[in-house]
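The structure appears below as structure tokens.
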Amino acid sequence: MKKSAHVKIVLVITLLALACTAVFLAERQQKDRWADKPPSAPREKKEQKAESKEEAAAKQPAVMEPDPFSAAEENRAASVVIESSIDNLAWTTAPAVTPLKGRKISLRVSGPADGIRWYQIYPETAKIYSNANLPWEQNPYQWKGFDRIQYHRTELTQFRNQSLIQPFEGNNPIPPKQLADKLKYHNTAAGTFFFQVRILKNGRIYRSAGIEDSDNRGLSPKVLRVCVRESDTYMGYLTSFFNVPGVFGSVTYQSVNYIGVDCADVLMAAYGK
């Protein structure tokens with residue numbers, strides 16, 4: 001009895017194995033037939049909603065218009081003058097204005113133009129410049145020549161094609177994030193701010209004094225400078241030197257024009273205001 005029972009079990013297992021194999025082979029053949037058969041095209045709906053012109057236009061790739069400034073020839077010399085006004089009072093062409101913090105500051109350019117671009121120029125303040133050897137260096141305080149100050153210019157895109165702007169209205173100009181490591185000590189509430197404008201007219205670009213006009217001493221005093229101070233006190237005038245690079249061994253030309261100052265010169269320059 002035991003032997004016959006074992007034989008029956010073996011037969012059942014064998015039959016199950018054969019059945020599973022047959023099912024597997026059948027499924028494999030079915031998949032092969034479907035793989036060889038080309039996919040059938042989806043049935044088209046009898047009724048399709050008509051596509052509107054707006055929907056069709058939205059599907060088209062956006063076309064970037066060329067920047068007219070990129071193809072125009074630029075005059076090398078600065079020929080545009082930026083005018084400034086404080087609290088809507090008389091306009092002036094002076095290259096520097098020193099308003100109190102909170103006053104309304106307006107800048108403008110006159111005359112017809114096909115395009116206008118406003119820029120802010122940032123001196124790199126993360127670096128300490130030195131015209132003379134530092135006290136802990138060999139031959140301390142010895143003059144070694146003007147250290148080249150680095151500048152960065154960025155467009156104020158929110159004022160594109162505007163002939164009159166108020167850059168301090170609302171939020172003061174904030175440096176772009178990509179310059180954060182180079183402008184570590186930049187102050188947006190008070191201090192010195194430089195501006196430039198470029199105008200497109202009849203296929204040529206005309207500009208005000210700007211980053212192109214810097215030399216070994218630094219940015220030209222002809223570049224429009226807005227020096228915002230906290231108050232009319234001595235300490236208030238010191239705040240107008242925020243954003244001015246530190247230059248060890250700075251000269252009078254640099255300190256009085258807010259180009260660069262050292263710890264002693266800034267005290268004397270602010271006192272002279």
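Letters for chains follow the order of the structure tokens (A, B, ...), residue numbers begin at 1 for each chain, and ligand numbers begin at 1 in the order shown.
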Residues of stretch 75-181 of chain A that have any atom at most 6 Å from an atom of stretch 242-248 of chain A: could you tabulate them with the shortest-distance atom pair and the distance in Å to one decimal, using only C-alpha atoms, ordered by chain and increasing number, as a Markdown table?
```
| residue | atom | partner | partner_atom | distance |
| --- | --- | --- | --- | --- |
| A:Thr125 | CA | A:Pro245 | CA | 5.0 |
| A:Ile128 | CA | A:Gly246 | CA | 5.6 |
| A:Tyr129 | CA | A:Val247 | CA | 4.6 |
| A:Ser130 | CA | A:Phe248 | CA | 4.4 |
| A:Asn131 | CA | A:Phe248 | CA | 5.9 |
```
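The residues of stretch 59-120 of chain A that DSSP classifies as strand (DSSP E or B), using the backbone of this structure, are A:Glu73, A:Glu74, A:Val80, A:Glu83, A:Ser84, A:Ser85, A:Ile86, A:Thr92, A:Ala96, A:Val97, A:Leu100, A:Ile105, A:Ser106, A:Leu107, A:Arg108, A:Gly115, A:Ile116, A:Arg117, A:Trp118, A:Tyr119, A:Gln120.
Using only C-alpha atoms, the protein and nucleic acid residues lying no more than 6 Å from stretch 81-85 of chain A, apart from those fewer than 3 places from it along its own chain, are Asn88, Leu89, Trp91, Thr92, Thr93, Ile105, Ser106, Leu107, Arg108, Val109 and Ser208 of chain A.
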Mind checking which residues fall within 9 Å of stretch 185-200 of chain A, counting only C-alpha atoms, ignoring those fewer than 5 positions away in the same chain, and posting them as number ranges by chain? A: 68-69, 72, 74, 80-82, 98, 100-101, 109, 113-126, 153, 161, 171-175, 180, 205-211, 223-230, 238-244, 258
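Atom CA of A:Ser79 is positioned 22.0 Å from atom CA of A:Gln166.
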Taking 6 positions as the minimum chain separation for residues in the same chain, which residues sit within 10 Å of A:Leu267 when counting only C-alpha atoms? Answer as an mmCIF file with N, CA and C atoms, in the first residue's frame.
```cif
data_model
loop_
_atom_site.group_PDB
_atom_site.id
_atom_site.type_symbol
_atom_site.label_atom_id
_atom_site.label_comp_id
_atom_site.auth_asym_id
_atom_site.auth_seq_id
_atom_site.Cartn_x
_atom_site.Cartn_y
_atom_site.Cartn_z
ATOM 1 N N TYR A 234 28.300 114.152 12.498
ATOM 2 C CA TYR A 234 29.568 113.572 12.051
ATOM 3 C C TYR A 234 29.418 112.074 11.816
ATOM 4 N N MET A 235 28.752 111.387 12.732
ATOM 5 C CA MET A 235 28.529 109.955 12.564
ATOM 6 C C MET A 235 27.652 109.682 11.343
ATOM 7 N N TYR A 237 27.606 111.415 8.546
ATOM 8 C CA TYR A 237 28.433 111.501 7.340
ATOM 9 C C TYR A 237 29.365 110.303 7.214
ATOM 10 N N LEU A 238 29.739 109.717 8.333
ATOM 11 C CA LEU A 238 30.536 108.492 8.255
ATOM 12 C C LEU A 238 29.755 107.369 7.573
ATOM 13 N N PHE A 241 29.978 106.639 3.834
ATOM 14 C CA PHE A 241 31.123 105.906 3.292
ATOM 15 C C PHE A 241 30.906 104.395 3.306
ATOM 16 N N SER A 255 39.798 109.277 -1.308
ATOM 17 C CA SER A 255 38.901 109.434 -0.157
ATOM 18 C C SER A 255 37.829 110.500 -0.397
ATOM 19 N N VAL A 261 39.030 104.285 0.929
ATOM 20 C CA VAL A 261 39.531 104.962 2.133
ATOM 21 C C VAL A 261 40.146 103.938 3.081
#
```
